[in-house]
Structure formats: C-alpha cells, structure tokens
Protein chains: 4
Amino acid sequence: MPSHAASIARDPFALAAHFAETRRLSEALVAPLSEADVTLQSMEDASPAKWHLAHTTWFWETFLLRDHLDSYRLFDESWPFIFNSYYEAEGERINRFSRGMLSRPTLAQVIEWRAIVDEAMEPLFGREELVPLIELGIAHEQQHQELLLTDIKHAFFQNPLGPAMWSEPVQGATKVEDGWHSYPGGVARIGFQADSFAFDNEGPAHRVLLQPFELSAHLVTNREWAEFMEDGGYRTASLWLSDGWAWVRENGIAAPLYWSDDRHFTHCGWQDRNPAAPVTHISYFEADAFATWSGNRLPTEFEWEAIARGQEGEEPAHDPEGGNQLDAAVPPLPRGERGLFGDCWQFTRSAYLPYPRFRPASGAVGEYNGKFMSGQFVLKGASCATVRGHSRASYRNFFYPHQRWQFTGLRLARDI
Amino acid sequence: MPSHAASIARDPFALAAHFAETRRLSEALVAPLSEADVTLQSMEDASPAKWHLAHTTWFWETFLLRDHLDSYRLFDESWPFIFNSYYEAEGERINRFSRGMLSRPTLAQVIEWRAIVDEAMEPLFGREELVPLIELGIAHEQQHQELLLTDIKHAFFQNPLGPAMWSEPVQGATKVEDGWHSYPGGVARIGFQADSFAFDNEGPAHRVLLQPFELSAHLVTNREWAEFMEDGGYRTASLWLSDGWAWVRENGIAAPLYWSDDRHFTHCGWQDRNPAAPVTHISYFEADAFATWSGNRLPTEFEWEAIARGQEGEEPAHDPEGGNQLDAAVPPLPRGERGLFGDCWQFTRSAYLPYPRFRPASGAVGEYNGKFMSGQFVLKGASCATVRGHSRASYRNFFYPHQRWQFTGLRLARDI
Amino acid sequence: MPSHAASIARDPFALAAHFAETRRLSEALVAPLSEADVTLQSMEDASPAKWHLAHTTWFWETFLLRDHLDSYRLFDESWPFIFNSYYEAEGERINRFSRGMLSRPTLAQVIEWRAIVDEAMEPLFGREELVPLIELGIAHEQQHQELLLTDIKHAFFQNPLGPAMWSEPVQGATKVEDGWHSYPGGVARIGFQADSFAFDNEGPAHRVLLQPFELSAHLVTNREWAEFMEDGGYRTASLWLSDGWAWVRENGIAAPLYWSDDRHFTHCGWQDRNPAAPVTHISYFEADAFATWSGNRLPTEFEWEAIARGQEGEEPAHDPEGGNQLDAAVPPLPRGERGLFGDCWQFTRSAYLPYPRFRPASGAVGEYNGKFMSGQFVLKGASCATVRGHSRASYRNFFYPHQRWQFTGLRLARDI
Amino acid sequence: MPSHAASIARDPFALAAHFAETRRLSEALVAPLSEADVTLQSMEDASPAKWHLAHTTWFWETFLLRDHLDSYRLFDESWPFIFNSYYEAEGERINRFSRGMLSRPTLAQVIEWRAIVDEAMEPLFGREELVPLIELGIAHEQQHQELLLTDIKHAFFQNPLGPAMWSEPVQGATKVEDGWHSYPGGVARIGFQADSFAFDNEGPAHRVLLQPFELSAHLVTNREWAEFMEDGGYRTASLWLSDGWAWVRENGIAAPLYWSDDRHFTHCGWQDRNPAAPVTHISYFEADAFATWSGNRLPTEFEWEAIARGQEGEEPAHDPEGGNQLDAAVPPLPRGERGLFGDCWQFTRSAYLPYPRFRPASGAVGEYNGKFMSGQFVLKGASCATVRGHSRASYRNFFYPHQRWQFTGLRLARDI
C-alpha cells in the first residue's frame, strides 16, 4: 500500500463526502473551458484538461471498481489504453505526446463516464480495507487538479491571443514578512507517522541529524528576482550549476517562465506583475543560482520540515497571480494557505530519493512514487493551485531541475 | 500576378456564385467535426481544420479587402499574425507547429468572420482588374479544402479509437482499364495558355522535345502494391533511391500510410481495403521503388501532360476510400473525376522547377509558388479530395519525396 | 556498365600509365599530412583522407581483382566492411560517421595495401572487356582526390589553430572577363556520345529545346558577393527559396563557408581574400538568392552545356585560394583549367535527374549514380581541386542544396 | 581552496617525486598508442588521449606557473583555448565535441610542452602555500589517467577491427568472498578530516544517523549478471526506475556495455568473459534494477563509508579485464587494490549533493566539484583503472545515471 494508514478506520459518510467534493471540484475547474480548450496538449510534460478528468476516473475504475467490485463492467474496453498514464503493470498505453490528439471521446462522454463511476463507487466507502486506496484516489485526483490548472495555463500561453480562463483578478495588497526562522541543530524527526493518509514516499518516519540553520520567513519576491536579473544573474556563469548554465544557454533563458517586461501570463490572461508577490515559475537551476547570488542557499527538505513542524501557519499567503478573486469565482477553488504552505512550491536542495527502509507498495499502485527516484528534486509546501488540506509538513513534491511550469518558487536558508 | 488571365473579362455574377459555392463548401466540410476536432494539428505538415477556414478567409481579407476596398476594417488586428501561413512579405507569423494551440478564437468566431468577409466581398466582383486575384483566391481555398480533408484524416488516425468523420461507405464495384496510352515522340506543347485561370507555375507555355513512350491506362492498384510487398519490395535496397532507402530504414516503413493488415484508415474510420482500387498515400520514394520493381518507370510531368492533352476523360475514376457515398452524404463534396483526373495525384519523376522565362508575381502573392522550387517533385492529375473543376492538364501539384499524407498514387510509364 | 565506352579499344600501356599516375597522385596528396590528420572526419558528409586512400583501393580490389582475377586473395577479409562506401549490393558496411574512429589500420598499412593492389592490377590492363571498368576506377579515384582535398580542408577548419596543409601561396593577379556568351535558342545536343569514357549519368545523348539566353563570361567574384552581403542579402527573405530561408535562419548563415571578416580559410591556413577571385563555398540556396538579387538567374544544365560545346577554353582560370604555387609545390596537383572549367563548380537550376532512356548499369557499380537522383542539383564545370582531364562538357556533378564544403560558385544567366 | 589541507606542511622532495611519478605515468599510458589513436574522440563524454595529456599540463601551467611564477611565459598563447575543459572563469573554450578535431598540435609537441612545464615547476615545490594546489594538480592528473584509459577503450570499441592496446592478458583465478559486513546503526562520522589531501566535496566532515544494515562482502559478478539477464531483467519494466526504463527502450539496452555473447571488449581487444569477475560498465539504472531484482538495494554513500572506515582491505581484488599482466607490462599502471577499493567503482543510491556547510573554493579551481551537484549519483571505492593511493573512504566519484563507460559495478546492501 502506498499509504501508511491502512489499518485506520474512517467514517464512511465523511469519506464519501470528501470523494464527492473532490470529484465535483475537478469538473468545476473545466467549466470556463471549451471543448477545444480541454483537448489542448502544449508539451510532453503537460496533459489536456479532458485527459485529467478521464485519467482520474480511470484510476477509480481500475483500482477500485474493477479490482474490488465484482459486478462492475468497464464503461468502454478501449479507454484504459488511452487514459492510463504511466502504470506499466496496467499494460500498454498511448504515447505521452499523443494525448493532445484525443478530440474523441468528447468532454460530454467523459463527464458521463465520471457520473457512472461516481455512482458505482457508492458501495465501496463502507469497506474498511479499501479506505487507504480511496484516500489515495482522492489525493491522486487532487494532484491532477493542480496539474490541470498548470497545464491549461501553459497551453493558453502558447496562443498569441493570450486567452483568459477567468476574468480580471482583484489586485490585493501583499505584506511581506521579514526575518528568519532559526533552528538550533540536533536530531529532527522526519516523515509521516500520524493516523491519517500520506503517500508512501513520505515514510517511513525516521530521524536525521541537522546542523544549526535559519530559514527565511518570506518567499523570494518578484522585486528581488528583478534585482537578480538587473545584476546580470542570467549572464553570470559562476552563479549556476553546470547543467543549469547549459540549460540557460541552449534555451535562451533570461527570465522566469511567463514573464514579459513588467507583465506576466496568468489564468486571467496577461496581467501586471506585483513586485511584492512571490516569484513563481522558476526552475531548480534558477532557484539555486538566485540563492548563490544572494549569498545564501536552498534549504534541505529536512530543514524545511523541521521548521514546518514547529511553525506552520505564521506567514500570510500571497497569490502570485495577484488576488483572491479565484475563491469568489469558483468558490472551493484550490489556492494558497497561510504560512509555509501556499503561494508556491519551494525548491529544496534535496534530491528525491527513498527514505531509509522505504518499500513501494505491491501491485500497480506501487508505481506511484518510487520509480521516479532519480534526477529530481524535492519541493515542499503547497502552491496557490493546491487544494486546501492536500499538503502537510511531510509532503514531498518532486520535479526535474529544468521544469518550471508548476507554481514553483523559493525560500532561502543559511548556516548559522 | 500569379495568374495568366489578367486581361480576361468575367461575368461578375458567375464569379460571385463560384465564390459563394466555394466558401459554402469549406464550411460544409467541417459540419461533421466538433470544436475539438477542428483544433487538432497532428504534425508540422498539417493544419487544423479551423485554421484552414480562417487562413482562407485571411487571404480574402488581406489581398482583396484590405488592399482594394478602402472602407474595409480588419475584423481583428491580431488575427493576421495567427492565420498567415508562409507569406514573408506579410510580416511575422505564428510558428507552424503552434497552430494546434489555437483553441481560441472559437469555430463560431471564425464562421462569423467568414460571413463578414463574404459580405464585404460583394462590391469587388464587378471590378475587372480584380478578377485574376479573385480566381486565385477561389483556387487557393479549393486547395485548402483538399488539405483540410487530408489533415483531419491524419489527425483522426492518431487517435487509437479511430474515429470516423462520415458513416460507413457503400462499397462500389471497380473496373480497371488495361493497356497503355502511346505517344510517338516529338515536340509537345507544355503549360497553360487558355483564357481562364491558372497558377503562375503552370506557365509560361513552351515546347519540349519528347521521345516515344507509353503511359499506363490505369493507376497502380492495392492488389499490385500487395504483390510488391510480398515480393520483399520494402526490404530490397536495390529498388530504392539512396535517400528513399534511408527513409525506409529510419522510419521503419513497410506499407503505405494508413495500411494495417487488410484494412486501411479512411474518413469513415477503419475499413476493408478494396484490392482493385488505386493505391494511395505513398511517397515518391515508394512510387519510384515500385516502378523500378515493375520494370517500368514514372513518367515525366511533360509526358503526362502530353497524354492528358489528347486523352482526358477516358478512364473511370475509383474512389480509394471505397464508394461514392460521399457524393450522397455531402453532395458537392470534392471527389474523383473520370480519366487521368481523380482518385489520386500521380507522381512524376520531374522535379518541381520553374518553366523557362518563369517570373513570380510581384508582391506577397508572388510567394505562392516560386519559392518552393527546390527538393520537391511534381504530381499531376487530381485526387478524390480535389474539388471538381480545380485541376487541368497543366496543373502542377508538388510535394517532398517523403510526404504521403495526401491522396498520392502512381501511374507507370515505359520507353518504346 | 556505367560507362558508354564499352566497345572502344585502348592502348594497354597508356591505360596502365594513367592508372599509375592517378594512384601516385592520391598518395602525393597526403604527403603533408600526419597520421592523425589523415584520420580526421569532421562531419557525416566528409571522410578521412586515409579512408579515401583505402576506399579507392577497395574499389580496385573488389570490382577488378576479386571479380576478374581468379588467383587474387583479399588483402584482409575484414576491410571491405570498413572501406565500402555506399554499395548496398556489396553487403553491410560501417556507419558513415564512424569512419573517423579508424585509427587502425595505420596509414602505412593502407599504403602497403595500395602497393599490393597496384601490382596485382598488372595483368588486367590488356583485357579489353575490362577497359571501361578500369576507366571508371580511375575516374572514381579522381573524384575521391577532390573529396580528399575538400574534406581535409573542412577538418582543419574545425581546429581553432587553423593549421595549413601547404605553405603560403603566391598571390597572382586575376583578370576578370566581362560580357556574356549568347545562345540564339533552338535544339541543342545534350549528353555524352564520344568514343571515350564518361559516367552513365551523362547519357544517353539526346536533344532538348532551348530558348534564347545568355551566360555570363565570368564567375561571380568575392567582391560581388560582398556587395550582396552589404545590401542585406542574407537578411532579405524575398530573395530566398523557402527551404533556403529556413536553412539561413536555423544555421545562422551570414557569409560563405570559410569566410571571416576579410579573410578566408584555405589549404594554406587563414589568408586574405582576393576580391577579384571567384566566390567559392556557397550553397545552392545562396547561389539562387544571389542570382535573384542580381536580377538574373542560374542557368539550366542544358544551357551551360550548350555554351560549353561551342566555347570551351576562353576564360582564364582564377585560383580561389589565390595563386598557382600548388602546381609548383606538388607538381601534378589538381587545379583550375582555362575557360568554363576550373576555379569552381557552377550551380545550375537543374535538378539531378535521369536523362531520357537512362538505365543504371547492372551489378554493384550500377549504384554509382542513379540512386542519388532525388533532392540534388547539377553543377557543371570543374574546380581548382579537380584533376586536369577529369571533367568535360557533359559532366554532371551533384550536391544537395545546402551543401557547400566543395569549391562551389556560380555563373549567372539571363533570358534574351 | 578545494583542498582541506591548506595549512599542512609537506616534504618538498617527496612532493616533487610524487609529481614526477604522476607525470611519467601519464606518458607511459600512451606509449602503445599511435598519433592517430591519441587523437580519437568517440563521444561527447570522452576526450582524446592527447587531450588528456595536454589538459593536465594546462592545469599546471595555468593555476601554478601562470598564477605563481612571475618569470613564466605561456608555451603557446592559443593553447589555453583548446585545452581548458570546463573552467568558465578561465574564459572561452573549444566546443567539447571538437576535441577530436585536434590533429594539431602533434603528440610530440604536447610531450615537449609537458617537459617544459615539468621543469618550470621545480621552484614551486618548496613553497608551502602552494602545497594544496600542487596536491590538487596531482589528484587531477590521476583522475585524467583513469579517464584516458576508459576513453581510449571506448574509442577502440567503435572500430570494427577491435584493436588492442595491450597484448593478451594472463587469466588469473578469482576467489569470491561470501557474506555481508554488518553495521548496527547509530551516528557515523562522514567526510574527510585527516591532515592530508582531499577534494573539497569530501567535506566538511560531519555526522549522520544510520539505521542497521548490511553491505555485501563481494561485488556482483558477471555470472550473477548473466542470471539477471536470463531471468528477463532487461525486459521487466517493474524492476526499473522510470527514467531507466525509458533509457533501456530508447537505446535498445540488453547487456552491459562491451558485452557480446560470452565475450567482452577490453584494452586487450575482445576476450572471453570471466564469470567470477565483477561485472563492470553498467549504468546506475542497471545497478538499481539488478538490486531490485535481487531483493536487496544499493547502499547509500554514508553506509558504504561507514563500513569502509572499519573494514578496508579485506577483500581480494579482481581485475575485470581478467589478469594482472597490466602491472607487468606498464609497471606502475593503475589497477585494483584489495578490499572495498579496486576492480570497479560502486554505485550508491545517494545523489551527488553538497555536504552541510560545503563551500566551493574561490577562484577557478572552485569550479572543480560543486557545480556538478545536480542529476548525478555518488560512486565509492576505486576501479582497476584508478592509480594506487588516489582513493580513500571519503572519496566521492560521480556520474549521471545513464553513463557506463567507466569501470562501474555494484555491491549490494540490505536492511536488518
């Protein structure tokens, strides 16, 4: 099991409600999108919005209904081939970059499938042994909600007309916290060990030895990033990792993704950039170069978690897209939380590797996390596109060092 | 002027009717397609159906309305950037492979634009000096109708579900003409010189010296192609041009595009292949290898034209997709004509080069043909997707030797 | 047989002497080169000098000794695999870009092989039926002598130290002929039909109809090319073929190969450029753009040949590398001839295609020419690196439109 | 300073002797190679042998002679451009894949340069402040000796003739130790802290918390690897990291590099494989898949070091190329040591990242290690091509997970 909570009982009604709310939110996210919008795939890393709706449904149909409900019949025998993402154990699947060719099935057909699957799930919420798998499915769908938002943003960005998904944002004031969170060093407890759901990669819980350090109380802002650029940050080889410098030169990188002059591209189209808001859409290479330029460094995932365990919830969240209208427009829409969580995922200098005694779950769901443990870096926190309640101190997000279409930013650390 | 008919007067009413009919047909072609379908771009060579609708409209708006109607105002200032295809003189344009990212403007918006442009064109049909340009615009839109059909076919082919654009075809009997058309050699007249429209690349008319030869009365069929395959055609290096053999090996080519066992992919989805129908969707490399295997050769464009001038209209057309239901379903739909024209474009062994004393038109429309005169081969005839009346004996279609998503086939020639 | 001279008797002693002289020249060319120099391969289009020495020897060993001398035993059974170039019928061969990995066999071993093959050839010169094949072998080795020179030049160019193969050249005065050669139009005889050697692609001889035209009496010079550049030639899309413009932008092309400021790279290292010397090392795309810029055009291969048949030998040759010291240094070294021949190969606007009734020879030597007949353009004349006596009016050299590491230039034509 | 030994005094005579011995060994390694052999570059990861000789000399000339000996004049002003490897602070440098184009300067010129630099170094050995830099230079040259050997092996492998650098090896008996080294868990000391030379990336020394584990007493052998292959290891997706599986399929990986049937390619040409010898030339992806298949895992770099600190020197070394003739042929040639060191570098599951409070040295030598800290994995131990005395328990070698042209192998670990 990829979850550490296999033996914990849950209230079936609460579980069913959480499931329903999650399923509903996925569909709410595509409400402003056309049939053509939900079919777009802008790069191999991204997927069409319709595909996210279908793939999450495939997950429920495959690992819950097919495996645990005898009476269930697949909605369409040919769909697993096109809506499986990367589960090798589940058989052949469509080439990743062909997802953008799926004009059929239509959005209406996918929504119909969702309704049938949702209804079929009913008898399973009361089966205690399935609770961890259902919670995994909910967490899985929440992850795809975030990807759906970052993927459609990237797709719209390719369009020279710069279409907007939502209307003009309210530009809110942003207060930046100064100062640093200190940690005196010593043994820190790392990893998940409560009695609720967590991904398998968050455990086993264990202890690590930390040296004294400080973690910044604020996320690096657009204003600070502009200073880095004005100081020639993107032209100074000595600030960069070797692979990062090669990436900068080969791709002509000179600013965060989505920046253009004083504007940036958002879900609300092209908008003025708020200098006080956290910088987002940077790669690990950029985060590391900025940290070097500033005379500081990135934290390790362990340092970040050690601070988070003591100090969650202190910092006000900033919406990098400039306001809180999102909440108003699509009420339970994913967005920032207060403190270390919210605004943007924060790069750590920790490679994404297994914790001591980590073992992936058996079966196809065991492919969820473990097989990605090479070449990627851990990010902590949560972003403005992460649904509330999805993240936690032990949560480990991970991306390759060149990727930056997620809401990624940074928080500095330093030795003391 | 890319046309050779600048000084010929036309009946304004007939011209307006031809315009209207052409514009109507473009829209009829997308009737079976969804908003997502018309947005698909499956490769750099292809364009979305919606883009074809918009690009042809851009042509009218730019070269007729903007340039020749003072009172006209552009429908949207930002659209020329996204709907210009390759006219350098018309300024920067969207990267070719980004056309598939244009979920906006919507199909409805494009259709609205079409209606406004159509209405605005009204006063121009009576202006004699614009007749050649209007006829060019009609021919241009007809070409894009054929591309729209071949492009959407290619896009649907990427979908593992194999969607169909039209319903099941009626499978008609196909009669294959035997024998050869002979030509005794001597001076042949080549190129366009009548008093109607032609593209600039069809002229100037001139004479060439031909040696005696014969041209087959029938197109190579699926059955003959299967024999070539059974005889190891795709595995025998000596049959192939050097570049062709490299292409075969690098791309694992072992059959025409769209073939799978005894079936092939069509606008009506996956269908049984008719052995007696002409083979289609082959590249020049394949056509040349087949001709070598058969002990014959491909004709030159001059040989083909010499026969066509004497013998148009003799051969019954075969619909490679297996029937004539297309006419019934979408009445004025483009399809084959009798004789040398129809079924498929026929590769010649002539490179696409300028005729003696050829000069491209001045201005942006001069980019229509001349600048593509390197690396491509001439095809003659017309295909089942060419609108009736579009082609003629002097018509020169052209593609790169590896391309095969058009309805391309071959007709053999031999020396006598 | 790729030659049109199969039935012509030759003096065995003259043939043996021509063979010996050719073989000796190949080795003289590598005299200034080190063991490392002769192993270099700078790109897939080029081959190491040692490989040229070996491949030409493989040709003699395979098509003469192995096939026609019963007593002959291969020097080394494993060498055909590494020294076959592209003859599919002769079996598998080394990947083209791996030729640069052949530090073994050593140059001394290859020279030893050459001596053994040369000696073994002795009994074959008197066999009349082998004369065409021997003349083909001589012509083949002469072609590789030119390639050896252009390939090592390209390899040395990669070295930032800019090494020289020969010492400082004598800078000779260069006189440029003005005016144009006129041709009144009519039927011209094309192709080879004398009683001596020619490649198969030069025939069959036939007639073509030409319109009146003029061919420039001089090759375009470095000075004229500089004017094209100053006038923005490389930045003006309208001058270029579509594929050419893409090539310019993708590769950042802004000058002929080997140019840098007022200098250019030569076999004698970096030298000042002579403005009066013919421009060399340009691609077809560049030649075509220059012709368009100048208001003229490139000739067809037929036009060029028609002039050459009447007017060979009128124009003084210019050595684009700036002098005639080459003759003094390595006496029988390949260099320019007077008239249309010499200095540089001249692009025509004719695609490289078969002449009417062309049939490749049977057997492996039939792969010599015919299988390259797609995508390339014909060049006429000869260059400063072509051995004297190798070319003739019917000679057809051919390269892809982007290639320019040969001594390629242009001579303008215009309609009259 | 990249060394942790800046303040430690050394005997100038011993230092000079170590320098001389190291310099002599570099040249001994190329003794069997021809001028062409030492110029070969087979891939971007590798460099020509001559380049290694020159680059190591550039290091001495630049960081010692130029920076610390006023009277010194560069041997050739243009050589730093071609022999700098990756030190951005030292200015522009030749494109990495152009190293194979350097037929000039000749090997003799490089050897002459070496002699001049060696002599010029004389006055510097007595300057105490330069000792760390000189020791860095010696360690740097030792690293390039290993690379020289692995690079020439890779280059010779490209040659279908399979040339040998040394003569036939003596096939020695190989004894494999059974069992496991146990570690009870707890705080372990990690990193370098003695009073001698180490690279900057080996420190600062610090403590980590370890859980109980065991480390295998033997390296995985060719026999065990063959069992993995026979069991379908290369065809079983579930054994592989996601990136590893993609690498396997894209590159058609089905065995270690250099394997072919029961033979493998060595510095002595193609040889029978010894089933009892350690497997070498595997990537991290392969090592990880094997460990998963065996039911064990790779150790972390910390676990490996903890064992090494207690148990160095227990295991007999095996020469993966099958004998100890190397010692006889080129006496002080690099080869395996007893125990954990020797035979092959051993992959750990630790990403190559900075230790706590790590700071790169200032100046160009600070680019030695720190800037490579993304995407790579740590290897511990030493290989048969590592010079004796070069490695130690804290040594951190690092490569990308797909690279395998080094002598890389694996040693299993397991939790207890």
# chains A, B, ... in the order shown; residues from 1 in each chain; ligands from 1
call {"tool": "residues_around", "arguments": {"residues": "Phe407 in chain B", "least_positions_apart": "3", "cutoff": "7 Å", "atoms": "only C-alpha atoms", "output": "number ranges by chain"}}
result
B: 280-281, 344-345, 383
call {"tool": "residues_around", "arguments": {"residues": "His52 in chain C", "least_positions_apart": "3", "cutoff": "10 Å", "atoms": "only C-alpha atoms", "output": "PyMOL selection string"}}
result
chain C and resi 26+38+46-49+55-58+83+85+141+143-145+147-148+151
call {"tool": "select_by_dssp", "arguments": {"residues": "range 59-279 of chain D", "states": "strand (DSSP E)", "output": "ChimeraX atom specification"}}
result
/D:180-183,186-190,206-210,213-216,259-260,263-266,269-272
call {"tool": "atom_distance", "arguments": {"atom1": "CA of Phe399 in chain B", "atom2": "CA of Phe377 in chain B"}}
result
5.7 Å
call {"tool": "residues_around", "arguments": {"residues": "Glu227 in chain D", "least_positions_apart": "3", "cutoff": "12 Å", "atoms": "only C-alpha atoms", "output": "list in words"}}
result
Val220, Thr221, Asn222, Arg223, Glu224, Glu230, Asp231, Gly232, Gly233, Tyr234, Ala255, Pro275, Phe290, Trp293 and Ser294 of chain D
call {"tool": "write_last_selection", "arguments": {"atoms": "N, CA and C atoms", "output": "tab-separated table (two decimals), in the first residue's frame"}}
result
chain	number	residue	atom	x	y	z
D	220	VAL	N	29.02	-7.74	-7.22
D	220	VAL	CA	28.20	-8.58	-8.10
D	220	VAL	C	29.06	-9.02	-9.29
D	221	THR	N	28.96	-10.29	-9.63
D	221	THR	CA	29.84	-10.87	-10.66
D	221	THR	C	29.15	-10.96	-12.03
D	222	ASN	N	29.97	-11.23	-13.02
D	222	ASN	CA	29.44	-11.47	-14.36
D	222	ASN	C	28.45	-12.62	-14.37
D	223	ARG	N	28.71	-13.64	-13.57
D	223	ARG	CA	27.80	-14.80	-13.52
D	223	ARG	C	26.44	-14.38	-12.99
D	224	GLU	N	26.45	-13.60	-11.90
D	224	GLU	CA	25.18	-13.15	-11.34
D	224	GLU	C	24.44	-12.24	-12.33
D	230	GLU	N	19.19	-13.65	-17.95
D	230	GLU	CA	18.40	-14.83	-18.33
D	230	GLU	C	17.00	-14.78	-17.72
D	231	ASP	N	16.87	-14.12	-16.60
D	231	ASP	CA	15.57	-14.01	-15.95
D	231	ASP	C	14.74	-12.86	-16.54
D	232	GLY	N	15.21	-12.28	-17.64
D	232	GLY	CA	14.44	-11.23	-18.30
D	232	GLY	C	14.61	-9.85	-17.68
D	233	GLY	N	15.69	-9.66	-16.98
D	233	GLY	CA	15.90	-8.40	-16.27
D	233	GLY	C	15.74	-7.17	-17.15
D	234	TYR	N	16.26	-7.25	-18.36
D	234	TYR	CA	16.19	-6.08	-19.24
D	234	TYR	C	14.83	-5.92	-19.92
D	255	ALA	N	22.34	-5.51	-22.28
D	255	ALA	CA	23.51	-6.10	-21.62
D	255	ALA	C	24.43	-4.95	-21.20
D	275	PRO	N	33.36	-15.48	-15.64
D	275	PRO	CA	32.09	-15.40	-14.88
D	275	PRO	C	32.29	-14.99	-13.43
D	290	PHE	N	19.12	-4.26	-11.01
D	290	PHE	CA	19.66	-5.53	-10.52
D	290	PHE	C	19.39	-5.68	-9.02
D	293	TRP	N	15.85	-6.54	-8.47
D	293	TRP	CA	15.63	-7.93	-8.88
D	293	TRP	C	16.13	-8.91	-7.83
D	294	SER	N	17.25	-8.57	-7.18
D	294	SER	CA	17.86	-9.49	-6.21
D	294	SER	C	17.18	-9.42	-4.86
call {"tool": "select_by_dssp", "arguments": {"residues": "range 78-107 of chain C", "states": "alpha helix (DSSP H)", "output": "MDAnalysis selection string"}}
result
chainID C and resid 79:83 107
call {"tool": "write_last_selection", "arguments": {"atoms": "C-alpha atoms", "output": "mmCIF file, in the first residue's frame"}}
result
data_model
loop_
_atom_site.group_PDB
_atom_site.id
_atom_site.type_symbol
_atom_site.label_atom_id
_atom_site.label_comp_id
_atom_site.auth_asym_id
_atom_site.auth_seq_id
_atom_site.Cartn_x
_atom_site.Cartn_y
_atom_site.Cartn_z
ATOM 1 C CA TRP C 79 38.488 -4.464 -44.591
ATOM 2 C CA PRO C 80 35.651 -4.477 -47.136
ATOM 3 C CA PHE C 81 33.265 -3.853 -44.248
ATOM 4 C CA ILE C 82 35.050 -0.668 -43.241
ATOM 5 C CA PHE C 83 36.053 0.677 -46.663
ATOM 6 C CA LEU C 107 48.407 4.823 -42.908
#
call {"tool": "residues_around", "arguments": {"residues": "Asn84 in chain A", "least_positions_apart": "4", "cutoff": "12 Å", "atoms": "only C-alpha atoms", "output": "list in words"}}
result
Trp51, His52, Leu53, Ala54, His55, Thr56, Thr57, Trp58, Phe59, Trp60, Glu61, Thr62, Phe63, Ser78, Trp79, Pro80, Glu88, Ala89, Glu90, Gly91, Glu92, Arg93, Ile94, Asn95, Arg96, Arg99 and Ala364 of chain A
call {"tool": "residues_around", "arguments": {"residues": "Ala308 in chain A", "least_positions_apart": "6", "cutoff": "10 Å", "atoms": "only C-alpha atoms", "output": "MDAnalysis selection string"}}
result
chainID A and resid 181 302 314 339:341 380:381 392:394
call {"tool": "interface_residues", "arguments": {"of": "chain D", "to": "chain C", "cutoff": "9 Å", "atoms": "only C-alpha atoms", "output": "ChimeraX atom specification"}}
result
/D:34-42,78-79,81-82,94,98-106,155-156,158-161,163
call {"tool": "residues_around", "arguments": {"residues": "Gly191 in chain B", "least_positions_apart": "2", "cutoff": "7 Å", "atoms": "only C-alpha atoms", "output": "list in words"}}
result
Arg189, Gln193, Glu202, Gly203, Pro204, Ala205, His206 and Ser394 of chain B
call {"tool": "closest_residue", "arguments": {"among": "B:Arg23, B:Asp261, B:His154, B:Asp67", "to": "Asp45 in chain B", "atoms": "only C-alpha atoms"}}
result
B:His154
call {"tool": "residues_around", "arguments": {"residues": "Gly310 in chain D", "least_positions_apart": "3", "cutoff": "10 Å", "atoms": "only C-alpha atoms", "output": "PyMOL selection string"}}
result
chain D and resi 181+183+305-307+313+393
call {"tool": "closest_atom_pairs", "arguments": {"of": "range 10-33 of chain B", "to": "range 117-135 of chain B", "cutoff": "8 Å", "atoms": "only C-alpha atoms", "output": "tab-separated table"}}
result
residue	atom	partner	partner_atom	distance
B:Arg10	CA	B:Val131	CA	7.1
B:Pro12	CA	B:Gly126	CA	5.1
B:Phe13	CA	B:Phe125	CA	7.6
B:Leu15	CA	B:Phe125	CA	6.6
B:Ala16	CA	B:Phe125	CA	6.1
B:Ala20	CA	B:Asp118	CA	7.8
call {"tool": "write_last_selection", "arguments": {"atoms": "N, CA and C atoms", "output": "PDB file, in the first residue's frame"}}
result
ATOM      1  N   ARG B  10     -14.736  38.583 -66.977  1.00  0.00           N
ATOM      2  CA  ARG B  10     -15.610  37.522 -66.480  1.00  0.00           C
ATOM      3  C   ARG B  10     -16.959  38.098 -66.139  1.00  0.00           C
ATOM      4  N   PRO B  12     -19.492  38.977 -63.667  1.00  0.00           N
ATOM      5  CA  PRO B  12     -19.440  39.179 -62.214  1.00  0.00           C
ATOM      6  C   PRO B  12     -20.371  38.260 -61.445  1.00  0.00           C
ATOM      7  N   PHE B  13     -21.513  37.951 -62.027  1.00  0.00           N
ATOM      8  CA  PHE B  13     -22.467  37.099 -61.304  1.00  0.00           C
ATOM      9  C   PHE B  13     -21.943  35.668 -61.197  1.00  0.00           C
ATOM     10  N   LEU B  15     -18.863  34.815 -61.278  1.00  0.00           N
ATOM     11  CA  LEU B  15     -17.724  34.849 -60.362  1.00  0.00           C
ATOM     12  C   LEU B  15     -18.199  34.852 -58.913  1.00  0.00           C
ATOM     13  N   ALA B  16     -19.180  35.675 -58.623  1.00  0.00           N
ATOM     14  CA  ALA B  16     -19.717  35.737 -57.258  1.00  0.00           C
ATOM     15  C   ALA B  16     -20.320  34.402 -56.857  1.00  0.00           C
ATOM     16  N   ALA B  20     -19.184  32.058 -53.821  1.00  0.00           N
ATOM     17  CA  ALA B  20     -20.121  31.652 -52.770  1.00  0.00           C
ATOM     18  C   ALA B  20     -20.152  30.135 -52.601  1.00  0.00           C
TER      19      ALA B  20
END
